[in-house]
>>> print(open('entry32.cif').read())   # mmCIF, N, CA and C atoms
data_start
#
loop_
_atom_site.label_atom_id
_atom_site.label_comp_id
_atom_site.auth_asym_id
_atom_site.auth_seq_id
_atom_site.Cartn_x
_atom_site.Cartn_y
_atom_site.Cartn_z
N MET A 1 -317.28 -138.45 -132.35
CA MET A 1 -316.97 -138.40 -130.94
C MET A 1 -318.23 -138.64 -130.11
N LEU A 2 -319.32 -138.04 -130.48
CA LEU A 2 -320.58 -138.20 -129.76
C LEU A 2 -321.07 -139.64 -129.86
N PHE A 3 -320.89 -140.25 -131.02
CA PHE A 3 -321.29 -141.63 -131.22
C PHE A 3 -320.51 -142.57 -130.30
N GLN A 4 -319.21 -142.35 -130.17
CA GLN A 4 -318.38 -143.18 -129.31
C GLN A 4 -318.79 -143.05 -127.85
N ARG A 5 -319.07 -141.84 -127.42
CA ARG A 5 -319.49 -141.63 -126.04
C ARG A 5 -320.81 -142.35 -125.76
N SER A 6 -321.72 -142.29 -126.70
CA SER A 6 -323.01 -142.95 -126.48
C SER A 6 -322.84 -144.46 -126.38
N ILE A 7 -321.95 -145.03 -127.14
CA ILE A 7 -321.70 -146.47 -127.06
C ILE A 7 -321.08 -146.82 -125.72
N LEU A 8 -320.10 -146.03 -125.28
CA LEU A 8 -319.46 -146.32 -124.00
C LEU A 8 -320.43 -146.15 -122.83
N ARG A 9 -321.32 -145.21 -122.91
CA ARG A 9 -322.31 -145.02 -121.85
C ARG A 9 -323.33 -146.16 -121.84
N ALA A 10 -323.64 -146.68 -123.00
CA ALA A 10 -324.63 -147.76 -123.09
C ALA A 10 -324.07 -149.08 -122.58
N THR A 11 -322.75 -149.23 -122.59
CA THR A 11 -322.13 -150.50 -122.17
C THR A 11 -321.17 -150.23 -121.02
N PRO A 12 -321.68 -149.98 -119.81
CA PRO A 12 -320.77 -149.70 -118.68
C PRO A 12 -319.96 -150.93 -118.29
N GLY A 13 -320.48 -152.10 -118.53
CA GLY A 13 -319.72 -153.30 -118.20
C GLY A 13 -318.47 -153.43 -119.06
N LEU A 14 -318.56 -153.03 -120.34
CA LEU A 14 -317.41 -153.12 -121.25
C LEU A 14 -316.31 -152.16 -120.83
N THR A 15 -316.68 -150.94 -120.48
CA THR A 15 -315.65 -149.97 -120.05
C THR A 15 -315.01 -150.41 -118.75
N ALA A 16 -315.77 -151.00 -117.89
CA ALA A 16 -315.19 -151.49 -116.63
C ALA A 16 -314.21 -152.62 -116.91
N GLN A 17 -314.54 -153.48 -117.87
CA GLN A 17 -313.63 -154.57 -118.21
C GLN A 17 -312.34 -154.04 -118.82
N LEU A 18 -312.44 -153.01 -119.68
CA LEU A 18 -311.23 -152.45 -120.31
C LEU A 18 -310.34 -151.74 -119.30
N ARG A 19 -310.97 -151.24 -118.23
CA ARG A 19 -310.19 -150.54 -117.21
C ARG A 19 -309.66 -151.46 -116.12
N SER A 20 -309.99 -152.71 -116.19
CA SER A 20 -309.54 -153.64 -115.15
C SER A 20 -308.02 -153.80 -115.23
N PRO A 21 -307.36 -154.01 -114.09
CA PRO A 21 -305.89 -154.13 -114.07
C PRO A 21 -305.35 -155.27 -114.92
N VAL A 22 -306.08 -156.35 -115.02
CA VAL A 22 -305.59 -157.50 -115.79
C VAL A 22 -305.50 -157.15 -117.27
N ILE A 23 -306.55 -156.57 -117.81
CA ILE A 23 -306.57 -156.22 -119.24
C ILE A 23 -305.60 -155.07 -119.51
N ARG A 24 -305.58 -154.10 -118.62
CA ARG A 24 -304.69 -152.96 -118.81
C ARG A 24 -303.23 -153.40 -118.82
N SER A 25 -302.84 -154.28 -117.92
CA SER A 25 -301.44 -154.73 -117.88
C SER A 25 -301.10 -155.54 -119.13
N THR A 26 -302.07 -156.30 -119.63
CA THR A 26 -301.83 -157.07 -120.85
C THR A 26 -301.61 -156.14 -122.04
N ILE A 27 -302.44 -155.13 -122.15
CA ILE A 27 -302.30 -154.17 -123.25
C ILE A 27 -300.99 -153.41 -123.13
N GLN A 28 -300.66 -152.99 -121.92
CA GLN A 28 -299.42 -152.25 -121.73
C GLN A 28 -298.21 -153.12 -122.02
N ARG A 29 -298.27 -154.40 -121.63
CA ARG A 29 -297.16 -155.30 -121.91
C ARG A 29 -296.96 -155.47 -123.41
N ARG A 30 -298.06 -155.59 -124.14
CA ARG A 30 -297.94 -155.77 -125.59
C ARG A 30 -297.39 -154.52 -126.25
N LEU A 31 -297.81 -153.36 -125.79
CA LEU A 31 -297.33 -152.12 -126.41
C LEU A 31 -295.90 -151.81 -126.00
N ALA A 32 -295.48 -152.21 -124.81
CA ALA A 32 -294.14 -151.92 -124.34
C ALA A 32 -293.13 -152.98 -124.74
N SER A 33 -293.57 -154.00 -125.40
CA SER A 33 -292.70 -155.10 -125.80
C SER A 33 -291.65 -154.61 -126.79
N THR A 34 -290.42 -155.07 -126.61
CA THR A 34 -289.35 -154.70 -127.54
C THR A 34 -289.39 -155.58 -128.79
N GLU A 35 -290.20 -156.61 -128.79
CA GLU A 35 -290.34 -157.48 -129.95
C GLU A 35 -291.28 -156.89 -130.99
N ASN A 36 -291.96 -155.82 -130.65
CA ASN A 36 -292.94 -155.21 -131.54
C ASN A 36 -292.21 -154.55 -132.72
N GLN A 37 -292.62 -154.88 -133.92
CA GLN A 37 -291.97 -154.34 -135.13
C GLN A 37 -292.13 -152.83 -135.22
N PHE A 38 -293.30 -152.32 -134.83
CA PHE A 38 -293.55 -150.88 -134.87
C PHE A 38 -292.59 -150.13 -133.94
N ILE A 39 -292.39 -150.66 -132.74
CA ILE A 39 -291.48 -150.01 -131.79
C ILE A 39 -290.06 -150.02 -132.31
N LYS A 40 -289.64 -151.12 -132.88
CA LYS A 40 -288.29 -151.19 -133.46
C LYS A 40 -288.12 -150.16 -134.58
N GLU A 41 -289.13 -150.04 -135.42
CA GLU A 41 -289.06 -149.07 -136.51
C GLU A 41 -288.99 -147.65 -135.98
N ARG A 42 -289.81 -147.34 -134.98
CA ARG A 42 -289.80 -146.00 -134.39
C ARG A 42 -288.45 -145.69 -133.74
N GLN A 43 -287.85 -146.69 -133.07
CA GLN A 43 -286.53 -146.48 -132.47
C GLN A 43 -285.48 -146.23 -133.54
N ALA A 44 -285.56 -146.94 -134.66
CA ALA A 44 -284.62 -146.73 -135.75
C ALA A 44 -284.78 -145.32 -136.33
N VAL A 45 -286.03 -144.87 -136.46
CA VAL A 45 -286.28 -143.52 -136.98
C VAL A 45 -285.75 -142.48 -136.02
N GLU A 46 -285.94 -142.68 -134.73
CA GLU A 46 -285.43 -141.73 -133.73
C GLU A 46 -283.91 -141.67 -133.74
N GLU A 47 -283.26 -142.83 -133.86
CA GLU A 47 -281.79 -142.85 -133.92
C GLU A 47 -281.28 -142.14 -135.17
N HIS A 48 -281.95 -142.39 -136.29
CA HIS A 48 -281.56 -141.72 -137.53
C HIS A 48 -281.76 -140.21 -137.42
N ALA A 49 -282.88 -139.79 -136.83
CA ALA A 49 -283.14 -138.36 -136.66
C ALA A 49 -282.10 -137.73 -135.75
N ALA A 50 -281.73 -138.41 -134.69
CA ALA A 50 -280.71 -137.87 -133.78
C ALA A 50 -279.36 -137.75 -134.49
N ALA A 51 -278.99 -138.75 -135.27
CA ALA A 51 -277.72 -138.69 -136.00
C ALA A 51 -277.74 -137.58 -137.05
N THR A 52 -278.84 -137.43 -137.76
CA THR A 52 -278.95 -136.39 -138.78
C THR A 52 -278.94 -135.00 -138.15
N ALA A 53 -279.64 -134.84 -137.04
CA ALA A 53 -279.64 -133.55 -136.34
C ALA A 53 -278.24 -133.21 -135.85
N ASP A 54 -277.51 -134.21 -135.36
CA ASP A 54 -276.14 -133.97 -134.90
C ASP A 54 -275.24 -133.58 -136.06
N LEU A 55 -275.42 -134.24 -137.21
CA LEU A 55 -274.62 -133.89 -138.40
C LEU A 55 -274.87 -132.44 -138.80
N TRP A 56 -276.13 -132.03 -138.89
CA TRP A 56 -276.43 -130.66 -139.32
C TRP A 56 -276.01 -129.63 -138.28
N ARG A 57 -276.03 -130.00 -137.01
CA ARG A 57 -275.52 -129.10 -135.97
C ARG A 57 -274.03 -128.88 -136.17
N LYS A 58 -273.29 -129.96 -136.44
CA LYS A 58 -271.85 -129.83 -136.66
C LYS A 58 -271.55 -129.01 -137.93
N ILE A 59 -272.33 -129.25 -138.99
CA ILE A 59 -272.14 -128.48 -140.22
C ILE A 59 -272.40 -127.00 -139.96
N SER A 60 -273.47 -126.71 -139.21
CA SER A 60 -273.83 -125.31 -138.94
C SER A 60 -272.80 -124.62 -138.06
N LEU A 61 -272.22 -125.33 -137.13
CA LEU A 61 -271.29 -124.70 -136.18
C LEU A 61 -269.86 -124.62 -136.71
N TYR A 62 -269.44 -125.58 -137.53
CA TYR A 62 -268.04 -125.62 -137.95
C TYR A 62 -267.82 -125.26 -139.41
N PHE A 63 -268.65 -125.75 -140.31
CA PHE A 63 -268.41 -125.53 -141.74
C PHE A 63 -268.92 -124.17 -142.21
N VAL A 64 -270.11 -123.79 -141.80
CA VAL A 64 -270.73 -122.56 -142.31
C VAL A 64 -269.92 -121.31 -141.95
N PRO A 65 -269.46 -121.14 -140.70
CA PRO A 65 -268.63 -119.94 -140.42
C PRO A 65 -267.35 -119.89 -141.25
N ALA A 66 -266.72 -121.05 -141.45
CA ALA A 66 -265.50 -121.08 -142.27
C ALA A 66 -265.81 -120.72 -143.72
N ALA A 67 -266.92 -121.23 -144.24
CA ALA A 67 -267.31 -120.91 -145.62
C ALA A 67 -267.65 -119.43 -145.76
N LEU A 68 -268.34 -118.86 -144.78
CA LEU A 68 -268.66 -117.42 -144.82
C LEU A 68 -267.40 -116.58 -144.75
N LEU A 69 -266.45 -116.98 -143.93
CA LEU A 69 -265.19 -116.25 -143.84
C LEU A 69 -264.44 -116.31 -145.17
N ALA A 70 -264.38 -117.49 -145.77
CA ALA A 70 -263.70 -117.62 -147.07
C ALA A 70 -264.39 -116.79 -148.14
N ALA A 71 -265.72 -116.79 -148.16
CA ALA A 71 -266.46 -116.00 -149.14
C ALA A 71 -266.25 -114.51 -148.91
N GLY A 72 -266.18 -114.10 -147.65
CA GLY A 72 -265.93 -112.68 -147.33
C GLY A 72 -264.55 -112.23 -147.77
N VAL A 73 -263.54 -113.06 -147.55
CA VAL A 73 -262.18 -112.74 -147.99
C VAL A 73 -262.13 -112.65 -149.51
N ASN A 74 -262.77 -113.59 -150.19
CA ASN A 74 -262.81 -113.56 -151.65
C ASN A 74 -263.50 -112.29 -152.16
N ALA A 75 -264.62 -111.93 -151.55
CA ALA A 75 -265.34 -110.71 -151.96
C ALA A 75 -264.48 -109.47 -151.72
N TYR A 76 -263.75 -109.44 -150.62
CA TYR A 76 -262.88 -108.30 -150.32
C TYR A 76 -261.80 -108.15 -151.39
N TYR A 77 -261.16 -109.27 -151.79
CA TYR A 77 -260.12 -109.19 -152.81
C TYR A 77 -260.69 -108.80 -154.17
N LEU A 78 -261.86 -109.33 -154.52
CA LEU A 78 -262.49 -108.96 -155.79
C LEU A 78 -262.89 -107.49 -155.80
N TRP A 79 -263.38 -106.99 -154.68
CA TRP A 79 -263.76 -105.57 -154.56
C TRP A 79 -262.54 -104.68 -154.79
N ASN A 80 -261.44 -105.00 -154.12
CA ASN A 80 -260.22 -104.19 -154.27
C ASN A 80 -259.67 -104.29 -155.69
N GLU A 81 -259.72 -105.46 -156.30
CA GLU A 81 -259.24 -105.63 -157.66
C GLU A 81 -260.10 -104.82 -158.63
N HIS A 82 -261.39 -104.78 -158.40
CA HIS A 82 -262.29 -104.01 -159.26
C HIS A 82 -261.95 -102.53 -159.20
N TRP A 83 -261.79 -101.98 -158.01
CA TRP A 83 -261.50 -100.55 -157.90
C TRP A 83 -260.08 -100.22 -158.32
N GLU A 84 -259.17 -101.18 -158.25
CA GLU A 84 -257.82 -100.97 -158.78
C GLU A 84 -257.90 -100.86 -160.30
N HIS A 85 -258.74 -101.64 -160.93
CA HIS A 85 -258.94 -101.55 -162.37
C HIS A 85 -259.54 -100.18 -162.74
N TRP A 86 -260.52 -99.71 -161.95
CA TRP A 86 -261.15 -98.42 -162.24
C TRP A 86 -260.18 -97.26 -162.07
N SER A 87 -259.18 -97.41 -161.22
CA SER A 87 -258.25 -96.29 -161.01
C SER A 87 -257.35 -96.08 -162.24
N HIS A 88 -257.20 -97.08 -163.10
CA HIS A 88 -256.37 -96.95 -164.31
C HIS A 88 -257.16 -96.44 -165.50
N MET A 89 -258.46 -96.30 -165.39
CA MET A 89 -259.27 -95.83 -166.50
C MET A 89 -259.22 -94.30 -166.57
N PRO A 90 -259.49 -93.75 -167.74
CA PRO A 90 -259.52 -92.29 -167.82
C PRO A 90 -260.68 -91.72 -167.01
N PRO A 91 -260.62 -90.44 -166.68
CA PRO A 91 -261.72 -89.83 -165.92
C PRO A 91 -263.05 -89.95 -166.67
N LEU A 92 -264.13 -89.88 -165.93
CA LEU A 92 -265.45 -90.05 -166.53
C LEU A 92 -265.73 -89.05 -167.64
N GLU A 93 -265.27 -87.81 -167.47
CA GLU A 93 -265.54 -86.77 -168.46
C GLU A 93 -264.84 -87.03 -169.78
N GLU A 94 -263.73 -87.77 -169.79
CA GLU A 94 -262.95 -88.02 -171.01
C GLU A 94 -263.38 -89.28 -171.75
N ARG A 95 -264.21 -90.08 -171.18
CA ARG A 95 -264.62 -91.33 -171.84
C ARG A 95 -265.61 -91.05 -172.95
N THR A 96 -265.58 -91.92 -173.97
CA THR A 96 -266.50 -91.81 -175.10
C THR A 96 -267.89 -92.22 -174.65
N GLU A 97 -268.86 -91.43 -175.03
CA GLU A 97 -270.24 -91.77 -174.71
C GLU A 97 -270.93 -92.19 -175.99
N TYR A 98 -271.42 -93.41 -176.01
CA TYR A 98 -272.04 -93.97 -177.19
C TYR A 98 -273.55 -93.73 -177.16
N PRO A 99 -274.21 -93.78 -178.33
CA PRO A 99 -275.64 -93.45 -178.37
C PRO A 99 -276.52 -94.43 -177.59
N TYR A 100 -276.08 -95.66 -177.40
CA TYR A 100 -276.90 -96.63 -176.68
C TYR A 100 -276.79 -96.47 -175.16
N GLN A 101 -275.86 -95.65 -174.71
CA GLN A 101 -275.74 -95.40 -173.27
C GLN A 101 -276.66 -94.27 -172.85
N ASN A 102 -277.24 -94.40 -171.68
CA ASN A 102 -278.07 -93.35 -171.08
C ASN A 102 -279.21 -92.91 -172.01
N ILE A 103 -279.93 -93.85 -172.58
CA ILE A 103 -281.07 -93.53 -173.44
C ILE A 103 -282.19 -92.96 -172.58
N ARG A 104 -282.71 -91.79 -172.97
CA ARG A 104 -283.79 -91.14 -172.23
C ARG A 104 -284.93 -90.84 -173.20
N THR A 105 -286.09 -91.45 -172.98
CA THR A 105 -287.24 -91.10 -173.81
C THR A 105 -288.03 -89.96 -173.17
N LYS A 106 -287.93 -89.85 -171.85
CA LYS A 106 -288.52 -88.72 -171.13
C LYS A 106 -287.75 -88.56 -169.82
N ASN A 107 -287.86 -87.41 -169.23
CA ASN A 107 -287.14 -87.15 -168.00
C ASN A 107 -287.75 -87.92 -166.83
N TYR A 108 -286.87 -88.25 -165.87
CA TYR A 108 -287.34 -88.91 -164.66
C TYR A 108 -288.05 -87.89 -163.77
N PRO A 109 -288.99 -88.31 -162.95
CA PRO A 109 -289.74 -87.35 -162.14
C PRO A 109 -288.98 -86.86 -160.91
N TRP A 110 -287.73 -87.22 -160.72
CA TRP A 110 -286.97 -86.75 -159.56
C TRP A 110 -285.70 -86.04 -160.01
N GLY A 111 -285.15 -85.26 -159.13
CA GLY A 111 -283.90 -84.54 -159.41
C GLY A 111 -284.00 -83.68 -160.64
N ASN A 112 -282.91 -83.68 -161.44
CA ASN A 112 -282.91 -82.89 -162.67
C ASN A 112 -283.55 -83.65 -163.84
N GLY A 113 -284.02 -84.88 -163.60
CA GLY A 113 -284.69 -85.66 -164.63
C GLY A 113 -283.75 -86.48 -165.48
N ASP A 114 -282.44 -86.35 -165.29
CA ASP A 114 -281.47 -87.05 -166.11
C ASP A 114 -280.87 -88.25 -165.40
N LYS A 115 -280.90 -88.28 -164.09
CA LYS A 115 -280.23 -89.35 -163.34
C LYS A 115 -281.24 -90.41 -162.91
N THR A 116 -280.85 -91.68 -163.12
CA THR A 116 -281.71 -92.79 -162.72
C THR A 116 -281.77 -92.87 -161.20
N ILE A 117 -282.61 -93.73 -160.70
CA ILE A 117 -282.74 -93.86 -159.25
C ILE A 117 -281.51 -94.50 -158.64
N PHE A 118 -280.72 -95.25 -159.42
CA PHE A 118 -279.50 -95.89 -158.94
C PHE A 118 -278.25 -95.13 -159.37
N TRP A 119 -278.36 -93.87 -159.66
CA TRP A 119 -277.25 -93.08 -160.16
C TRP A 119 -276.16 -92.95 -159.09
N ASN A 120 -274.91 -93.12 -159.52
CA ASN A 120 -273.76 -92.98 -158.63
C ASN A 120 -272.78 -92.04 -159.34
N ASP A 121 -272.56 -90.87 -158.78
CA ASP A 121 -271.73 -89.87 -159.45
C ASP A 121 -270.28 -90.30 -159.64
N SER A 122 -269.78 -91.23 -158.81
CA SER A 122 -268.40 -91.66 -158.98
C SER A 122 -268.26 -92.72 -160.06
N VAL A 123 -269.36 -93.28 -160.56
CA VAL A 123 -269.30 -94.32 -161.58
C VAL A 123 -270.02 -93.89 -162.86
N ASN A 124 -271.16 -93.22 -162.72
CA ASN A 124 -271.98 -92.85 -163.88
C ASN A 124 -271.71 -91.42 -164.31
N TYR A 125 -271.79 -91.24 -165.62
CA TYR A 125 -271.60 -89.89 -166.18
C TYR A 125 -272.45 -89.78 -167.43
N HIS A 126 -273.10 -88.62 -167.58
CA HIS A 126 -273.91 -88.43 -168.78
C HIS A 126 -273.82 -86.97 -169.20
N ASN A 127 -273.32 -86.77 -170.42
CA ASN A 127 -273.25 -85.43 -170.99
C ASN A 127 -274.11 -85.48 -172.25
N LYS A 128 -275.23 -84.77 -172.23
CA LYS A 128 -276.17 -84.83 -173.34
C LYS A 128 -275.57 -84.34 -174.65
N ASP A 129 -274.59 -83.44 -174.57
CA ASP A 129 -274.02 -82.85 -175.79
C ASP A 129 -272.89 -83.69 -176.36
N LYS A 130 -272.42 -84.70 -175.69
CA LYS A 130 -271.21 -85.40 -176.08
C LYS A 130 -271.46 -86.72 -176.80
N THR A 131 -272.66 -87.15 -177.04
CA THR A 131 -272.91 -88.44 -177.68
C THR A 131 -272.38 -88.44 -179.10
N THR A 132 -271.81 -89.59 -179.53
CA THR A 132 -271.19 -89.67 -180.87
C THR A 132 -272.14 -90.21 -181.90
#
>>> encode(input="entry32.cif", output="structure tokens")
Amino acid sequence: MLFQRSILRATPGLTAQLRSPVIRSTIQRRLASTENQFIKERQAVEEHAAATADLWRKISLYFVPAALLAAGVNAYYLWNEHWEHWSHMPPLEERTEYPYQNIRTKNYPWGNGDKTIFWNDSVNYHNKDKTT
């Protein structure tokens, strides 16, 4: 940047020529020309970007809410079906407890030491005396 400034300061006649209306209009005409390949390419890219943005806006506004609603309904039915299956099973206290279930090498540092951090009393059951 400093080098460029020093060159422009050393040649005041050149900067005056570049700022003259004749040269400036010529440069502007060339850059504003619709025949320029670069400008045509940029316009094509802008049109493509606008079309793609419009497509994703439509997908986001119309498809995504419908897909979320369908997924929510599906999850609701699967949830109810799961708990309907659990209602037909015997109570937790009557189920067979196998030796590979609830393996404890040492007690946990919370609660009574037997329940994991994700313990759910309505789903999990552990009777230390009942293993087969």
>>> atom_distance(input="entry32.cif", atom1="atom C of Tyr125 of chain A", atom2="atom C of Leu92 of chain A")
6.8 Å
>>> select_by_dssp(input="entry32.cif", residues="segment 78-123 of chain A", states="helix (DSSP H, G or I)", output="compact mmCIF listing (two decimals) with N, CA and C atoms, keeping the file's coordinate frame")
# COMPACT_ATOMS: atom_id res chain seq x y z
N LEU A 78 -261.86 -109.33 -154.52
CA LEU A 78 -262.49 -108.96 -155.79
C LEU A 78 -262.89 -107.49 -155.80
N TRP A 79 -263.38 -106.99 -154.68
CA TRP A 79 -263.76 -105.57 -154.56
C TRP A 79 -262.54 -104.68 -154.79
N ASN A 80 -261.44 -105.00 -154.12
CA ASN A 80 -260.22 -104.19 -154.27
C ASN A 80 -259.67 -104.29 -155.69
N GLU A 81 -259.72 -105.46 -156.30
CA GLU A 81 -259.24 -105.63 -157.66
C GLU A 81 -260.10 -104.82 -158.63
N HIS A 82 -261.39 -104.78 -158.40
CA HIS A 82 -262.29 -104.01 -159.26
C HIS A 82 -261.95 -102.53 -159.20
N TRP A 83 -261.79 -101.98 -158.01
CA TRP A 83 -261.50 -100.55 -157.90
C TRP A 83 -260.08 -100.22 -158.32
N GLU A 84 -259.17 -101.18 -158.25
CA GLU A 84 -257.82 -100.97 -158.78
C GLU A 84 -257.90 -100.86 -160.30
N HIS A 85 -258.74 -101.64 -160.93
CA HIS A 85 -258.94 -101.55 -162.37
C HIS A 85 -259.54 -100.18 -162.74
N TRP A 86 -260.52 -99.71 -161.95
CA TRP A 86 -261.15 -98.42 -162.24
C TRP A 86 -260.18 -97.26 -162.07
N SER A 87 -259.18 -97.41 -161.22
CA SER A 87 -258.25 -96.29 -161.01
C SER A 87 -257.35 -96.08 -162.24
N LEU A 92 -264.13 -89.88 -165.93
CA LEU A 92 -265.45 -90.05 -166.53
C LEU A 92 -265.73 -89.05 -167.64
N GLU A 93 -265.27 -87.81 -167.47
CA GLU A 93 -265.54 -86.77 -168.46
C GLU A 93 -264.84 -87.03 -169.78
N GLU A 94 -263.73 -87.77 -169.79
CA GLU A 94 -262.95 -88.02 -171.01
C GLU A 94 -263.38 -89.28 -171.75
>>> atom_distance(input="entry32.cif", atom1="atom CA of Glu94 of chain A", atom2="atom CA of Asn124 of chain A")
12.5 Å
>>> atom_distance(input="entry32.cif", atom1="atom N of Ala51 of chain A", atom2="atom C of Leu69 of chain A")
28.5 Å
>>> resolve_selection(input="entry32.cif", expression="the PyMOL selection byres ((chain A and resi 97) around 8)", output="PyMOL selection string")
chain A and resi 93-96+98-102+125-127+130-132
